[in-house]
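**Student:** The file below is work23.pdb, PDB, C-alpha atoms and all ligand atoms:
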```pdb
MODEL        1
ATOM      1  CA  MET S  29     -36.833  14.652 -25.342
ATOM      2  CA  ASN S  30     -34.030  12.294 -26.296
ATOM      3  CA  ASN S  31     -31.653  10.982 -23.674
ATOM      4  CA  VAL S  32     -32.446  13.755 -21.265
ATOM      5  CA  LEU S  33     -30.035  14.398 -18.423
ATOM      6  CA  THR S  34     -31.842  14.792 -15.104
ATOM      7  CA  ILE S  35     -30.287  16.994 -12.465
ATOM      8  CA  ALA S  36     -31.465  17.232  -8.866
ATOM      9  CA  MET S  37     -31.127  20.835  -7.772
ATOM     10  CA  PRO S  38     -31.306  22.133  -4.216
ATOM     11  CA  LYS S  39     -34.251  24.438  -3.533
ATOM     12  CA  GLY S  40     -33.686  27.648  -1.655
ATOM     13  CA  ARG S  41     -30.637  29.836  -1.418
ATOM     14  CA  ILE S  42     -28.229  27.405  -3.135
ATOM     15  CA  PHE S  43     -30.521  27.189  -6.152
ATOM     16  CA  GLU S  44     -29.890  30.745  -7.255
ATOM     17  CA  GLU S  45     -26.113  30.329  -7.113
ATOM     18  CA  ALA S  46     -26.278  26.992  -8.910
ATOM     19  CA  ALA S  47     -28.537  28.375 -11.662
ATOM     20  CA  GLU S  48     -26.188  31.322 -12.138
ATOM     21  CA  LEU S  49     -23.230  28.987 -12.547
ATOM     22  CA  LEU S  50     -25.130  26.854 -15.066
ATOM     23  CA  ARG S  51     -25.909  30.009 -17.032
ATOM     24  CA  GLU S  52     -22.246  30.980 -16.960
ATOM     25  CA  ALA S  53     -21.523  27.505 -18.293
ATOM     26  CA  GLY S  54     -23.660  28.454 -21.291
ATOM     27  CA  TYR S  55     -26.911  26.678 -20.416
ATOM     28  CA  LYS S  56     -29.910  28.738 -21.456
ATOM     29  CA  LEU S  57     -32.144  28.582 -18.430
ATOM     30  CA  PRO S  58     -35.348  30.629 -18.631
ATOM     31  CA  PRO S  59     -35.645  33.452 -16.062
ATOM     32  CA  GLU S  60     -38.936  32.038 -14.738
ATOM     33  CA  LEU S  61     -36.938  29.050 -13.443
ATOM     34  CA  ASP S  62     -35.784  31.078 -10.460
ATOM     35  CA  ASP S  63     -39.267  31.907  -9.161
ATOM     36  CA  SER S  64     -41.068  28.765 -10.157
ATOM     37  CA  ARG S  65     -42.901  26.604  -7.639
ATOM     38  CA  LYS S  66     -42.747  23.654 -10.034
ATOM     39  CA  LEU S  67     -40.738  20.713  -8.780
ATOM     40  CA  ILE S  68     -39.932  19.272 -12.201
ATOM     41  CA  LEU S  69     -38.656  21.685 -14.818
ATOM     42  CA  ASP S  70     -37.920  20.643 -18.377
ATOM     43  CA  ILE S  71     -35.492  22.582 -20.530
ATOM     44  CA  PRO S  72     -35.958  20.793 -23.871
ATOM     45  CA  GLU S  73     -33.549  23.096 -25.736
ATOM     46  CA  GLU S  74     -30.744  21.877 -23.485
ATOM     47  CA  ASN S  75     -31.959  18.289 -23.100
ATOM     48  CA  LEU S  76     -32.110  18.854 -19.357
ATOM     49  CA  ARG S  77     -34.686  18.080 -16.704
ATOM     50  CA  PHE S  78     -34.352  19.561 -13.222
ATOM     51  CA  PHE S  79     -35.852  18.153 -10.043
ATOM     52  CA  LEU S  80     -36.114  20.681  -7.259
ATOM     53  CA  ALA S  81     -35.374  18.933  -3.989
ATOM     54  CA  LYS S  82     -34.566  19.845  -0.418
ATOM     55  CA  PRO S  83     -30.770  20.280  -0.221
ATOM     56  CA  MET S  84     -30.524  17.363   2.252
ATOM     57  CA  ASP S  85     -32.354  15.084  -0.221
ATOM     58  CA  VAL S  86     -30.423  15.764  -3.444
ATOM     59  CA  SER S  87     -27.939  12.928  -2.905
ATOM     60  CA  THR S  88     -30.809  10.503  -2.181
ATOM     61  CA  TYR S  89     -32.324  11.159  -5.620
ATOM     62  CA  VAL S  90     -28.924  10.747  -7.259
ATOM     63  CA  GLU S  91     -28.015   7.584  -5.343
ATOM     64  CA  HIS S  92     -31.306   5.992  -6.371
ATOM     65  CA  GLY S  93     -30.651   6.920 -10.000
ATOM     66  CA  VAL S  94     -33.869   8.883 -10.527
ATOM     67  CA  ALA S  95     -31.578  11.862 -11.116
ATOM     68  CA  ASP S  96     -28.405  11.335 -13.139
ATOM     69  CA  ALA S  97     -26.608  14.170 -11.411
ATOM     70  CA  GLY S  98     -27.163  16.686  -8.673
ATOM     71  CA  ILE S  99     -25.775  19.660  -6.840
ATOM     72  CA  ALA S 100     -25.168  18.862  -3.194
ATOM     73  CA  GLY S 101     -23.372  20.502  -0.294
ATOM     74  CA  LYS S 102     -20.214  18.832   1.027
ATOM     75  CA  ASP S 103     -21.915  18.933   4.454
ATOM     76  CA  VAL S 104     -24.662  16.626   3.221
ATOM     77  CA  LEU S 105     -22.184  14.361   1.419
ATOM     78  CA  LEU S 106     -20.122  13.962   4.591
ATOM     79  CA  GLU S 107     -23.210  13.369   6.691
ATOM     80  CA  GLU S 108     -24.951  10.877   4.424
ATOM     81  CA  GLU S 109     -22.050   9.021   2.741
ATOM     82  CA  ARG S 110     -24.178   8.172  -0.283
ATOM     83  CA  ASP S 111     -23.044   5.931  -3.103
ATOM     84  CA  VAL S 112     -22.510   8.731  -5.631
ATOM     85  CA  TYR S 113     -19.496  10.112  -7.453
ATOM     86  CA  GLU S 114     -18.386  13.573  -6.441
ATOM     87  CA  VAL S 115     -17.003  14.935  -9.685
ATOM     88  CA  LEU S 116     -16.490  18.661  -9.242
ATOM     89  CA  ASP S 117     -16.187  21.288  -6.544
ATOM     90  CA  LEU S 118     -18.454  24.057  -7.818
ATOM     91  CA  GLN S 119     -17.033  26.557  -5.319
ATOM     92  CA  ILE S 120     -20.476  27.964  -4.588
ATOM     93  CA  SER S 121     -22.416  28.309  -1.335
ATOM     94  CA  SER S 122     -19.175  28.551   0.602
ATOM     95  CA  CYS S 123     -19.547  28.166   4.328
ATOM     96  CA  TYR S 124     -18.147  25.966   7.074
ATOM     97  CA  LEU S 125     -19.209  23.619   9.811
ATOM     98  CA  ALA S 126     -18.435  24.774  13.309
ATOM     99  CA  VAL S 127     -18.977  24.028  16.957
ATOM    100  CA  ALA S 128     -20.699  26.944  18.673
ATOM    101  CA  GLY S 129     -22.376  27.768  21.925
ATOM    102  CA  LEU S 130     -22.985  30.394  24.564
ATOM    103  CA  PRO S 131     -19.909  32.392  25.593
ATOM    104  CA  ASP S 132     -18.355  31.423  28.941
ATOM    105  CA  HIS S 133     -20.325  28.223  28.967
ATOM    106  CA  PRO S 134     -18.033  25.228  29.513
ATOM    107  CA  MET S 135     -19.225  21.869  28.255
ATOM    108  CA  SER S 136     -20.690  19.599  30.930
ATOM    109  CA  ASP S 137     -18.191  17.057  32.241
ATOM    110  CA  VAL S 138     -20.655  14.231  31.852
ATOM    111  CA  ALA S 139     -22.069  13.533  28.386
ATOM    112  CA  PRO S 140     -22.367  17.085  27.094
ATOM    113  CA  ARG S 141     -25.297  17.547  24.752
ATOM    114  CA  ILE S 142     -24.697  18.586  21.150
ATOM    115  CA  ALA S 143     -27.619  19.752  19.028
ATOM    116  CA  THR S 144     -27.230  19.420  15.289
ATOM    117  CA  LYS S 145     -28.719  18.657  11.899
ATOM    118  CA  TYR S 146     -25.571  16.582  11.281
ATOM    119  CA  PRO S 147     -25.509  13.718  13.833
ATOM    120  CA  ASN S 148     -22.887  11.647  11.980
ATOM    121  CA  ILE S 149     -20.467  14.520  11.421
ATOM    122  CA  ALA S 150     -20.893  15.684  15.017
ATOM    123  CA  SER S 151     -20.425  12.187  16.507
ATOM    124  CA  SER S 152     -17.273  11.503  14.546
ATOM    125  CA  TYR S 153     -15.862  14.955  15.282
ATOM    126  CA  PHE S 154     -16.270  14.567  19.046
ATOM    127  CA  ARG S 155     -15.116  10.926  18.911
ATOM    128  CA  GLU S 156     -11.896  12.110  17.260
ATOM    129  CA  GLN S 157     -11.533  14.687  20.037
ATOM    130  CA  GLY S 158     -11.896  11.877  22.563
ATOM    131  CA  GLU S 159     -15.098  13.374  23.974
ATOM    132  CA  GLN S 160     -18.181  11.345  24.785
ATOM    133  CA  VAL S 161     -21.231  13.384  23.861
ATOM    134  CA  GLU S 162     -24.955  12.973  23.547
ATOM    135  CA  ILE S 163     -26.205  14.018  20.124
ATOM    136  CA  ILE S 164     -29.593  15.705  19.870
ATOM    137  CA  LYS S 165     -30.862  15.732  16.290
ATOM    138  CA  LEU S 166     -32.780  18.833  15.212
ATOM    139  CA  ASN S 167     -34.004  19.845  11.774
ATOM    140  CA  GLY S 168     -33.379  23.586  11.835
ATOM    141  CA  SER S 169     -33.008  26.712  13.969
ATOM    142  CA  ILE S 170     -30.197  24.846  15.713
ATOM    143  CA  GLU S 171     -28.970  28.040  17.396
ATOM    144  CA  LEU S 172     -32.030  27.958  19.633
ATOM    145  CA  ALA S 173     -30.806  24.845  21.463
ATOM    146  CA  PRO S 174     -28.017  26.341  23.629
ATOM    147  CA  MET S 175     -30.052  29.504  24.236
ATOM    148  CA  ILE S 176     -32.873  27.622  25.906
ATOM    149  CA  GLY S 177     -30.816  24.985  27.663
ATOM    150  CA  LEU S 178     -31.344  22.038  25.325
ATOM    151  CA  ALA S 179     -27.670  21.661  24.484
ATOM    152  CA  ASP S 180     -24.173  22.714  25.572
ATOM    153  CA  ARG S 181     -22.982  23.142  22.019
ATOM    154  CA  ILE S 182     -24.262  23.029  18.483
ATOM    155  CA  VAL S 183     -22.625  21.735  15.332
ATOM    156  CA  ASP S 184     -23.963  23.769  12.454
ATOM    157  CA  ILE S 185     -23.238  25.660   9.269
ATOM    158  CA  VAL S 186     -21.815  29.161   9.567
ATOM    159  CA  SER S 187     -22.070  31.299   6.479
ATOM    160  CA  THR S 188     -22.047  35.026   7.241
ATOM    161  CA  GLY S 189     -21.982  34.422  11.004
ATOM    162  CA  ARG S 190     -25.074  36.595  11.479
ATOM    163  CA  THR S 191     -27.242  33.934  13.058
ATOM    164  CA  LEU S 192     -24.636  33.218  15.730
ATOM    165  CA  LYS S 193     -24.018  36.897  16.369
ATOM    166  CA  GLU S 194     -27.651  37.953  16.552
ATOM    167  CA  ASN S 195     -28.336  35.180  19.028
ATOM    168  CA  GLY S 196     -25.373  35.921  21.250
ATOM    169  CA  LEU S 197     -23.497  32.723  20.431
ATOM    170  CA  ILE S 198     -19.819  32.266  19.692
ATOM    171  CA  GLU S 199     -17.856  29.868  17.578
ATOM    172  CA  TYR S 200     -15.622  27.464  19.514
ATOM    173  CA  GLU S 201     -14.030  25.382  16.737
ATOM    174  CA  GLN S 202     -14.227  25.109  13.000
ATOM    175  CA  ILE S 203     -14.736  21.569  11.704
ATOM    176  CA  CYS S 204     -14.418  21.834   7.913
ATOM    177  CA  ASP S 205     -15.083  24.034   4.907
ATOM    178  CA  VAL S 206     -18.184  23.379   2.844
ATOM    179  CA  THR S 207     -18.974  24.127  -0.798
ATOM    180  CA  SER S 208     -21.451  22.631  -3.243
ATOM    181  CA  ARG S 209     -20.377  19.722  -5.423
ATOM    182  CA  LEU S 210     -21.534  18.202  -8.690
ATOM    183  CA  ILE S 211     -22.447  14.614  -7.905
ATOM    184  CA  VAL S 212     -23.279  11.819 -10.329
ATOM    185  CA  ASN S 213     -25.008   8.465 -10.126
ATOM    186  CA  PRO S 214     -22.438   5.727 -10.879
ATOM    187  CA  VAL S 215     -24.668   3.937 -13.434
ATOM    188  CA  SER S 216     -25.565   7.197 -15.194
ATOM    189  CA  TYR S 217     -21.851   7.948 -15.312
ATOM    190  CA  ARG S 218     -21.402   4.863 -17.495
ATOM    191  CA  MET S 219     -24.607   5.115 -19.530
ATOM    192  CA  LYS S 220     -24.553   8.861 -20.186
ATOM    193  CA  ASP S 221     -20.824   9.451 -20.024
ATOM    194  CA  LEU S 222     -20.670  11.920 -22.908
ATOM    195  CA  GLN S 223     -23.467  14.108 -21.542
ATOM    196  CA  ILE S 224     -22.078  14.004 -18.028
ATOM    197  CA  ASP S 225     -18.531  14.738 -19.182
ATOM    198  CA  GLU S 226     -19.855  17.709 -21.117
ATOM    199  CA  LEU S 227     -21.785  19.013 -18.101
ATOM    200  CA  ALA S 228     -18.762  18.611 -15.817
ATOM    201  CA  GLU S 229     -16.417  20.201 -18.330
ATOM    202  CA  ARG S 230     -18.650  23.206 -18.961
ATOM    203  CA  LEU S 231     -19.182  23.748 -15.256
ATOM    204  CA  SER S 232     -15.484  23.322 -14.542
ATOM    205  CA  LYS S 233     -14.679  26.010 -17.137
ATOM    206  CA  ALA S 234     -17.270  28.335 -15.592
ATOM    207  CA  VAL S 235     -15.790  27.766 -12.129
ATOM    208  CA  SER S 236     -12.233  28.344 -13.286
ATOM    209  CA  SER S 237     -13.114  31.464 -15.261
ATOM    210  CA  ARG S 238     -14.640  32.879 -12.047
ATOM    211  CA  GLN S 239     -11.271  32.265 -10.450
ATOM    212  CA  GLY S 240      -9.384  34.025 -13.204
ATOM    213  CA  GLY S 241      -8.632  30.930 -15.267
ATOM    214  CA  LYS S 242      -7.196  28.652 -12.552
ATOM    215  CA  THR S 243      -7.809  24.969 -13.335
ATOM    216  CA  VAL S 244     -10.305  23.254 -11.048
ATOM    217  CA  GLY S 245     -11.119  19.573 -10.685
TER     218      GLY S 245
HETATM  219  C1  LIG U 301     -28.336  27.813   8.164
HETATM  220  C2  LIG U 301     -27.543  27.311   9.345
HETATM  221  C3  LIG U 301     -27.506  28.511  10.255
HETATM  222  C4  LIG U 301     -27.502  29.669   9.284
HETATM  223  C5  LIG U 301     -26.113  30.205   9.136
HETATM  224  O1  LIG U 301     -29.673  27.706   8.476
HETATM  225  O2  LIG U 301     -28.147  26.182   9.921
HETATM  226  O3  LIG U 301     -28.630  28.566  11.071
HETATM  227  O4  LIG U 301     -27.938  29.179   8.018
HETATM  228  O5  LIG U 301     -26.056  31.291   8.262
HETATM  229  P1  LIG U 301     -25.373  32.670   8.675
HETATM  230  O6  LIG U 301     -24.025  32.328   9.243
HETATM  231  O7  LIG U 301     -25.264  33.419   7.376
HETATM  232  O8  LIG U 301     -26.257  33.346   9.657
HETATM  233  P2  LIG U 301     -30.824  27.823   7.371
HETATM  234  O9  LIG U 301     -31.046  29.250   7.003
HETATM  235  O10 LIG U 301     -30.501  26.923   6.234
HETATM  236  O11 LIG U 301     -32.100  27.371   8.141
HETATM  237  P3  LIG U 301     -32.357  26.271   9.246
HETATM  238  O12 LIG U 301     -32.108  26.947  10.543
HETATM  239  O13 LIG U 301     -33.762  25.909   9.044
HETATM  240  O14 LIG U 301     -31.418  25.118   9.020
ENDMDL
END
```
As structure tokens, how would this structure be written, given the file I've shared?
**Tutor:**
Amino acid sequence: MNNVLTIAMPKGRIFEEAAELLREAGYKLPPELDDSRKLILDIPEENLRFFLAKPMDVSTYVEHGVADAGIAGKDVLLEEERDVYEVLDLQISSCYLAVAGLPDHPMSDVAPRIATKYPNIASSYFREQGEQVEIIKLNGSIELAPMIGLADRIVDIVSTGRTLKENGLIEYEQICDVTSRLIVNPVSYRMKDLQIDELAERLSKAVSSRQGGKTVG
């Protein structure tokens, strides 16, 4: 393949939405892509190579330049502050970051404990609120922490709100909205500018046609 563009894609639930958007942008992606367990997928007809990465790791691959571009959640971009260009809001995987906890459970006066997958976002949020907190980093099932007494609050993603509801937790504050973004390695942006511009333009058209033709950037 000549001058292939490599794209780091998030595995899991974001993948499906991202693949659908790429198809709407006119990329012919084979149906078997969606169920594959392969981690590197070549689409020679489109001059594309996909790496399937954990959503939290996409920006690492792009920052290191092993992937030219990637699809990453704004949550991860805020948390990791990687040296990548964020070129387009893809308006997929919409959710938000929130502070949640047990109902009628005030935060401890002394160093309340906050469990989260997002230690940097959580620290700066509580710092801005003027609250001194202890951050407890977890890797998943964050909602468990307040239920079993590990933390006073959690900072986590809320999408449908089902996980909070089914575990008897409530949302205290919303921190920020989250959608997936097209990110690009700065060197690739110079070396493969035409390919990257084309990718961004086609995706931008697909996003805006979903929104009834509104321009997105
Ligand atoms: C995410 C997030 C919440 C849940 C929110 O977890 O951390 O737990 O989804 O979604 P909902 O509002 O639609 O219920 P994920 O499924 O990614 O798994 P994790 O717990 O391993 O992080």
**Student:** When the cut-off is 8 Å and you count only C-alpha atoms and all ligand atoms, which residues lie near ligand LIG 301 (chain U), shown as a list in words?
**Tutor:**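 Listed by chain and ascending number, the contacts are Cys123, Lys145, Asn167, Gly168, Ser169, Ile170, Glu171, Asp184, Ile185, Val186, Ser187, Thr188, Gly189, Arg190, Thr191, Leu192 and Lys193 of chain S.
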**Student:** Of the candidates S:Leu50, S:Ala36, S:Ala95, S:Ile42, which one gets nearest to Ala234 in chain S if we count all atoms listed in the file?
**Tutor:**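 The shortest atom-to-atom distance to Ala234 in chain S comes from S:Leu50.
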**Student:** Measure the distance from CA of Leu105 in chain S to CA of Arg209 in chain S in Å and round it to one decimal.
**Tutor:**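 These two atoms are separated by 8.9 Å.
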**Student:** Which is closest to Met37 in chain S among S:Leu210, S:Ile198, S:Ile163, S:Met175, if we use only C-alpha atoms?
**Tutor:**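 Result for the nearest residue to Met37 in chain S: S:Leu210.
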**Student:** Within 12 Å of Pro72 in chain S, counting all atoms listed in the file, which residues qualify if same-chain residues fewer than 6 places away don't, as a PyMOL selection string?
**Tutor:** chain S and resi 29-34+55-58+78
**Student:** Using the chain letters and residue numbers of this document, give as an mmCIF file with C-alpha atoms, in the coordinates of the input the residues selected by the PyMOL selection byres (((chain S and resi 128) around 6) and not hetatm).
**Tutor:**
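Written out: result-v6.cif:
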```
data_model
loop_
_atom_site.group_PDB
_atom_site.id
_atom_site.type_symbol
_atom_site.label_atom_id
_atom_site.label_comp_id
_atom_site.auth_asym_id
_atom_site.auth_seq_id
_atom_site.Cartn_x
_atom_site.Cartn_y
_atom_site.Cartn_z
ATOM 1 C CA VAL S 127 -18.977 24.028 16.957
ATOM 2 C CA GLY S 129 -22.376 27.768 21.925
ATOM 3 C CA ARG S 181 -22.982 23.142 22.019
ATOM 4 C CA ILE S 182 -24.262 23.029 18.483
ATOM 5 C CA ILE S 198 -19.819 32.266 19.692
ATOM 6 C CA GLU S 199 -17.856 29.868 17.578
ATOM 7 C CA TYR S 200 -15.622 27.464 19.514
#
```
**Student:** Figure out the distance between CA of Leu125 in chain S and CA of Cys204 in chain S, please, to one decimal in Å.
**Tutor:** 5.5 Å
**Student:** List the neighbours of Tyr146 in chain S out to 8 Å using only C-alpha atoms; skip same-chain residues closer than 3 positions along the sequence, and give me the result as a list in words.
**Tutor:**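 Final neighbour list, sorted by chain and number: Glu107, Ile149, Ala150, Lys165, Val183 and Asp184 of chain S.
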**Student:** Write a file of the selected residues as a PDB file, in the frame of the given file, keeping C-alpha atoms.
**Tutor:**
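File written: selection35.pdb
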```
ATOM      1  CA  GLU S 107     -23.210  13.369   6.691  1.00  0.00           C
ATOM      2  CA  ILE S 149     -20.467  14.520  11.421  1.00  0.00           C
ATOM      3  CA  ALA S 150     -20.893  15.684  15.017  1.00  0.00           C
ATOM      4  CA  LYS S 165     -30.862  15.732  16.290  1.00  0.00           C
ATOM      5  CA  VAL S 183     -22.625  21.735  15.332  1.00  0.00           C
ATOM      6  CA  ASP S 184     -23.963  23.769  12.454  1.00  0.00           C
TER       7      ASP S 184
END
```
**Student:** Give the answer as one residue: which of S:Leu172, S:Leu227, S:Val104, S:Val215 has the shortest atom-to-atom distance to Asn148 in chain S, using all atoms listed in the file?
**Tutor:**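 Of all the options, S:Val104 lies closest to Asn148 in chain S.
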